Amino acid sequence: MSSLSASNLNSHNRGEVAVSIKDLNVVYKTTLEKRPTLKNRLLQFSSGKKQTRIVNAVQDFNLDISYGSVLGVVGANGAGKSTLMRSISGILPPTSGRIELYGSVSTLLALGVGFSQEMTGRDNVILGGLAAGLSRAEIDNKFDEIIDFAELREVIDAPMRTYSSGMYARLAFAVAVTVEPDILIIDEALSTGDAHFKMKSLNRVKDLRGHNRALILVSHALATIEEVCNEVIWLNKGKLIQKGDPVSVVAAYKKFLEVGSSPMIDEDV
Amino acid sequence: MSAIDVYEPFHRGLPPLKKYAKQLFGRRAFISEFAKSELRRQNFGSPLGQIWLVLNPLLLSAVYFLLIIIISGQTDSARYAHLTAGLFVFYLITNSITAGAKSITAGGRLILNSAFPRIMLPIAASVVALFKFIPTLIVLFAIHLILGLPITYALFWAIPLIFIFYMFSLACAILFSCINVYFRDTQNLLPYLTRTLLYLSPVLYESSALTEKLSILKTINPLYPMLDSWSRVMVKGELPFATDVFQSLIWTLALLAISSYLFLSREREFAVRI
């Protein structure tokens, strides 16, 4: 459900490095089919069609993220935002370069998270926590807080297939923020759920900002990025285009979205 | 300040094995909790569910025994014991293969969201298969007593043999979990594969019944020496042949090494293939 890379939570000083990324490149091979099958592979093989493609998802990326900061990440679909977050979380290790983490990480990366739809919400919280490296005692200690924050006490013992997408998102968000990580990565999750939960989760993020955590927020909701973040990076086709204060980076990104190009992307202009 | 976690490129496509093993050991609670949750989900936590766990292979063995009576006219009790013992342990392997094949693709959301040693998913699937197998041992023991089969010290050989069977089923679970990521129709082929394996193994027939022409099966089928040893111990109360045990061990270790290497060298890609 969420990932916590280390359970020893430390207090950190504002400005201390939380994440250091050096010369990061992430390349992977993926299939062209949504659901690859042996049957299709054999058919394609006989017809000589290409079956996989190489994706240069992140290229020559360098960044330091400090404690006490909220880093916003913007970029069009396919810009490499999710891949970058997965690399920072250790889910997709680098092809070259190095990522150093100076604290525990909790991730909320995929929409509609949950381990098994057939298992109950309770089992999903426990299994997700154990997979992320938490102990059973740590999960038990936080369990009530998680289901109260998610407002799912009445349905926590129902199979997760009976949950709506909003309920999924609420439970996942509750786990990710309740485990008190040093570094929290949220990918698009704030844009799910109803207005009440959106406000509640936004307040929780603002609250965490005050506790000298490092937060990374990936979102297409530019107003939220401007409101919550104190630094923003803009990615395009796996490259860092701009880094700076939220107002200027978001303005440049908006302009790019309107005209489809930017002097910073068309670097020869 | 030193970093808590460092992520660097894999060396020769493999994750750092020492760190990987440490993380896997640290998450052993996941494996037991997953097995409990999965058995609960499949209603095996209730008394009726546990009865079904035993009744299902028992009914299957009855059906196959009927088939044997019709085809060969043999009705001796040792034959029934051989069939039941073989089927129960064969189901440990097929259950492990079936659950293992789905383990990575079904755990997609967890894989997309968390960093953990992926191999713990097929391991957990094989542990569920082992938990389903254990109650059938009680039934086997009851059949042994009812049919008056010999009780000798050789029966203690059942323990290392079960260990070999489990390790083999684990290797199969790891292998098929990886293959299923790349070819999602693997699951559709599994019923045919396991059924063929059943007919090529000494379950429905005894090893001695195999004609000279088909004796190659003893060499190329990894389950052959395992199941033959199992039947000698559990039905006849005799010691297994040393060559069969050795051959079983070699097959198991080789398959475990190959499947683990294949899995570990591919697991980085799982997050972008699911």
# chains A, B, ... in the order shown; residues from 1 in each chain; ligands from 1
call {"tool": "interface_residues", "arguments": {"of": "chain B", "to": "chain A", "cutoff": "7 Å", "atoms": "only C-alpha atoms", "output": "short mmCIF file (atom, residue, chain, number, x, y, z; two decimals) with C-alpha atoms, in the first residue's frame"}}
result
data_model
loop_
_atom_site.label_atom_id
_atom_site.label_comp_id
_atom_site.auth_asym_id
_atom_site.auth_seq_id
_atom_site.Cartn_x
_atom_site.Cartn_y
_atom_site.Cartn_z
CA ALA B 3 22.69 7.79 3.71
CA ILE B 4 20.10 5.32 4.98
CA ASP B 5 19.44 3.96 1.51
CA VAL B 6 21.47 4.16 -1.68
CA TYR B 7 20.13 3.10 -5.06
CA GLU B 8 22.65 2.35 -7.75
CA PRO B 9 22.58 0.39 -11.03
CA ARG B 27 9.97 -9.27 5.72
CA ALA B 29 6.32 -11.71 8.75
CA PHE B 30 4.72 -10.73 5.41
CA PHE B 34 -0.06 -13.41 3.60
CA SER B 37 -4.93 -13.95 4.99
CA ARG B 41 -9.98 -15.52 2.13
CA GLY B 107 0.42 -8.10 -6.66
CA ARG B 109 -0.51 -2.52 -7.13
CA LEU B 110 1.91 -3.38 -4.37
CA LEU B 112 3.96 -0.32 -8.39
CA ASN B 113 3.94 1.37 -5.03
CA SER B 114 6.51 -0.31 -2.77
CA ALA B 115 10.15 -1.28 -2.83
CA PHE B 116 10.57 -4.80 -1.48
CA TYR B 182 5.98 -11.68 -19.84
CA PHE B 183 3.30 -14.03 -21.15
CA ARG B 184 -0.03 -13.53 -19.40
CA ASP B 185 -1.61 -16.53 -21.09
CA ARG B 268 13.67 -4.63 -11.94
CA ALA B 271 7.24 -2.36 -12.18
CA VAL B 272 7.10 -1.28 -15.84
CA ARG B 273 5.68 -4.52 -17.23
#
call {"tool": "residues_around", "arguments": {"residues": "Ile147 of chain A", "least_positions_apart": "5", "cutoff": "8 Å", "atoms": "only C-alpha atoms", "output": "list in words"}}
result
Leu152, Arg153, Ile156, Leu171 and Ala174 of chain A
call {"tool": "select_by_dssp", "arguments": {"residues": "segment 100-143 of chain A", "states": "helix (DSSP H, G or I)", "output": "MDAnalysis selection string"}}
result
chainID A and resid 121:131 136:143
call {"tool": "write_last_selection", "arguments": {"atoms": "C-alpha atoms", "output": "compact mmCIF listing (two decimals), in the first residue's frame"}}
result
# COMPACT_ATOMS: atom_id res chain seq x y z
CA GLY A 121 -9.13 -3.47 3.81
CA ARG A 122 -7.61 -4.59 7.12
CA ASP A 123 -5.54 -7.35 5.47
CA ASN A 124 -4.43 -4.92 2.78
CA VAL A 125 -3.23 -2.37 5.33
CA ILE A 126 -1.35 -5.05 7.29
CA LEU A 127 0.20 -6.73 4.25
CA GLY A 128 1.08 -3.42 2.60
CA GLY A 129 2.78 -2.26 5.79
CA LEU A 130 4.70 -5.53 6.23
CA ALA A 131 5.81 -5.48 2.58
CA ARG A 136 3.44 -5.88 12.89
CA ALA A 137 3.59 -3.93 16.17
CA GLU A 138 4.16 -0.65 14.29
CA ILE A 139 1.18 -1.34 12.05
CA ASP A 140 -1.05 -2.29 15.00
CA ASN A 141 -0.05 0.93 16.81
CA LYS A 142 -1.05 3.05 13.82
CA PHE A 143 -4.04 1.02 12.67
call {"tool": "residues_around", "arguments": {"residues": "segment 49-55 of chain B", "least_positions_apart": "2", "cutoff": "12 Å", "atoms": "only C-alpha atoms", "output": "PyMOL selection string"}}
result
chain B and resi 39-47+57-62+84+87-88+91-92+95+129-140
call {"tool": "atom_distance", "arguments": {"atom1": "atom CA of Ile186 of chain A", "atom2": "atom CA of Ile225 of chain A"}}
result
11.9 Å
call {"tool": "closest_residue", "arguments": {"among": "B:Leu17, B:Leu149, B:Leu155, B:Met120", "to": "Ala173 of chain B", "atoms": "only C-alpha atoms"}}
result
B:Met120
call {"tool": "decode", "arguments": {"residues": "segment 140-181 of chain B", "atoms": "N, CA and C atoms", "output": "mmCIF file, in the first residue's frame"}}
result
data_model
loop_
_atom_site.group_PDB
_atom_site.id
_atom_site.type_symbol
_atom_site.label_atom_id
_atom_site.label_comp_id
_atom_site.auth_asym_id
_atom_site.auth_seq_id
_atom_site.Cartn_x
_atom_site.Cartn_y
_atom_site.Cartn_z
ATOM 1 N N LEU B 140 -3.472 -39.072 5.173
ATOM 2 C CA LEU B 140 -2.580 -40.137 4.698
ATOM 3 C C LEU B 140 -2.235 -41.099 5.827
ATOM 4 N N PHE B 141 -1.989 -40.545 6.998
ATOM 5 C CA PHE B 141 -1.644 -41.357 8.167
ATOM 6 C C PHE B 141 -2.836 -42.255 8.535
ATOM 7 N N ALA B 142 -4.043 -41.686 8.487
ATOM 8 C CA ALA B 142 -5.251 -42.462 8.807
ATOM 9 C C ALA B 142 -5.425 -43.611 7.805
ATOM 10 N N ILE B 143 -5.224 -43.306 6.515
ATOM 11 C CA ILE B 143 -5.348 -44.344 5.471
ATOM 12 C C ILE B 143 -4.316 -45.450 5.714
ATOM 13 N N HIS B 144 -3.122 -45.012 6.097
ATOM 14 C CA HIS B 144 -2.024 -45.947 6.372
ATOM 15 C C HIS B 144 -2.433 -46.954 7.463
ATOM 16 N N LEU B 145 -3.044 -46.412 8.510
ATOM 17 C CA LEU B 145 -3.457 -47.262 9.635
ATOM 18 C C LEU B 145 -4.629 -48.161 9.237
ATOM 19 N N ILE B 146 -5.618 -47.588 8.571
ATOM 20 C CA ILE B 146 -6.831 -48.342 8.190
ATOM 21 C C ILE B 146 -6.475 -49.504 7.252
ATOM 22 N N LEU B 147 -5.582 -49.230 6.294
ATOM 23 C CA LEU B 147 -5.231 -50.268 5.314
ATOM 24 C C LEU B 147 -4.166 -51.235 5.845
ATOM 25 N N GLY B 148 -3.676 -50.978 7.048
ATOM 26 C CA GLY B 148 -2.685 -51.871 7.673
ATOM 27 C C GLY B 148 -1.353 -51.877 6.937
ATOM 28 N N LEU B 149 -0.968 -50.760 6.410
ATOM 29 C CA LEU B 149 0.310 -50.682 5.689
ATOM 30 C C LEU B 149 1.466 -50.711 6.690
ATOM 31 N N PRO B 150 2.650 -51.163 6.264
ATOM 32 C CA PRO B 150 3.774 -51.331 7.217
ATOM 33 C C PRO B 150 4.231 -50.020 7.862
ATOM 34 N N ILE B 151 4.433 -50.103 9.176
ATOM 35 C CA ILE B 151 4.955 -48.927 9.893
ATOM 36 C C ILE B 151 6.409 -49.236 10.260
ATOM 37 N N THR B 152 7.320 -48.557 9.590
ATOM 38 C CA THR B 152 8.751 -48.800 9.799
ATOM 39 C C THR B 152 9.476 -47.463 10.018
ATOM 40 N N TYR B 153 10.760 -47.579 10.373
ATOM 41 C CA TYR B 153 11.569 -46.364 10.554
ATOM 42 C C TYR B 153 11.737 -45.587 9.245
ATOM 43 N N ALA B 154 11.531 -46.298 8.149
ATOM 44 C CA ALA B 154 11.674 -45.638 6.827
ATOM 45 C C ALA B 154 10.674 -44.498 6.664
ATOM 46 N N LEU B 155 9.588 -44.550 7.449
ATOM 47 C CA LEU B 155 8.577 -43.476 7.351
ATOM 48 C C LEU B 155 9.162 -42.101 7.699
ATOM 49 N N PHE B 156 10.241 -42.109 8.504
ATOM 50 C CA PHE B 156 10.883 -40.819 8.848
ATOM 51 C C PHE B 156 11.469 -40.125 7.610
ATOM 52 N N TRP B 157 11.687 -40.940 6.554
ATOM 53 C CA TRP B 157 12.189 -40.350 5.306
ATOM 54 C C TRP B 157 11.167 -39.389 4.689
ATOM 55 N N ALA B 158 9.932 -39.470 5.178
ATOM 56 C CA ALA B 158 8.897 -38.557 4.651
ATOM 57 C C ALA B 158 9.294 -37.094 4.897
ATOM 58 N N ILE B 159 9.975 -36.838 6.012
ATOM 59 C CA ILE B 159 10.308 -35.436 6.361
ATOM 60 C C ILE B 159 11.269 -34.814 5.334
ATOM 61 N N PRO B 160 12.448 -35.439 5.065
ATOM 62 C CA PRO B 160 13.303 -34.830 4.027
ATOM 63 C C PRO B 160 12.655 -34.829 2.639
ATOM 64 N N LEU B 161 11.825 -35.838 2.378
ATOM 65 C CA LEU B 161 11.171 -35.860 1.061
ATOM 66 C C LEU B 161 10.175 -34.711 0.921
ATOM 67 N N ILE B 162 9.427 -34.428 1.995
ATOM 68 C CA ILE B 162 8.493 -33.284 1.942
ATOM 69 C C ILE B 162 9.281 -31.995 1.736
ATOM 70 N N PHE B 163 10.436 -31.895 2.376
ATOM 71 C CA PHE B 163 11.284 -30.714 2.210
ATOM 72 C C PHE B 163 11.696 -30.565 0.740
ATOM 73 N N ILE B 164 12.099 -31.685 0.128
ATOM 74 C CA ILE B 164 12.502 -31.636 -1.287
ATOM 75 C C ILE B 164 11.296 -31.233 -2.160
ATOM 76 N N PHE B 165 10.143 -31.846 -1.880
ATOM 77 C CA PHE B 165 8.929 -31.504 -2.644
ATOM 78 C C PHE B 165 8.616 -30.009 -2.507
ATOM 79 N N TYR B 166 8.743 -29.498 -1.283
ATOM 80 C CA TYR B 166 8.414 -28.081 -1.077
ATOM 81 C C TYR B 166 9.384 -27.187 -1.844
ATOM 82 N N MET B 167 10.683 -27.497 -1.743
ATOM 83 C CA MET B 167 11.675 -26.668 -2.438
ATOM 84 C C MET B 167 11.466 -26.709 -3.950
ATOM 85 N N PHE B 168 11.065 -27.887 -4.435
ATOM 86 C CA PHE B 168 10.790 -28.012 -5.868
ATOM 87 C C PHE B 168 9.568 -27.167 -6.247
ATOM 88 N N SER B 169 8.530 -27.230 -5.408
ATOM 89 C CA SER B 169 7.318 -26.445 -5.707
ATOM 90 C C SER B 169 7.604 -24.950 -5.593
ATOM 91 N N LEU B 170 8.496 -24.568 -4.692
ATOM 92 C CA LEU B 170 8.903 -23.163 -4.570
ATOM 93 C C LEU B 170 9.623 -22.710 -5.845
ATOM 94 N N ALA B 171 10.534 -23.556 -6.324
ATOM 95 C CA ALA B 171 11.274 -23.227 -7.552
ATOM 96 C C ALA B 171 10.299 -23.047 -8.718
ATOM 97 N N CYS B 172 9.287 -23.924 -8.782
ATOM 98 C CA CYS B 172 8.280 -23.824 -9.857
ATOM 99 C C CYS B 172 7.492 -22.522 -9.717
ATOM 100 N N ALA B 173 7.122 -22.169 -8.482
ATOM 101 C CA ALA B 173 6.346 -20.940 -8.244
ATOM 102 C C ALA B 173 7.143 -19.715 -8.694
ATOM 103 N N ILE B 174 8.425 -19.685 -8.375
ATOM 104 C CA ILE B 174 9.285 -18.552 -8.757
ATOM 105 C C ILE B 174 9.381 -18.465 -10.286
ATOM 106 N N LEU B 175 9.602 -19.629 -10.908
ATOM 107 C CA LEU B 175 9.754 -19.668 -12.367
ATOM 108 C C LEU B 175 8.488 -19.183 -13.077
ATOM 109 N N PHE B 176 7.343 -19.727 -12.683
ATOM 110 C CA PHE B 176 6.101 -19.385 -13.396
ATOM 111 C C PHE B 176 5.619 -17.973 -13.061
ATOM 112 N N SER B 177 5.950 -17.471 -11.879
ATOM 113 C CA SER B 177 5.567 -16.081 -11.551
ATOM 114 C C SER B 177 6.266 -15.122 -12.502
ATOM 115 N N CYS B 178 7.505 -15.430 -12.824
ATOM 116 C CA CYS B 178 8.294 -14.582 -13.719
ATOM 117 C C CYS B 178 7.801 -14.717 -15.160
ATOM 118 N N ILE B 179 7.593 -15.955 -15.597
ATOM 119 C CA ILE B 179 7.139 -16.187 -16.984
ATOM 120 C C ILE B 179 5.795 -15.498 -17.217
ATOM 121 N N ASN B 180 4.915 -15.548 -16.209
ATOM 122 C CA ASN B 180 3.563 -14.983 -16.377
ATOM 123 C C ASN B 180 3.565 -13.460 -16.541
ATOM 124 N N VAL B 181 4.611 -12.800 -16.073
ATOM 125 C CA VAL B 181 4.710 -11.347 -16.276
ATOM 126 C C VAL B 181 4.891 -11.051 -17.773
#
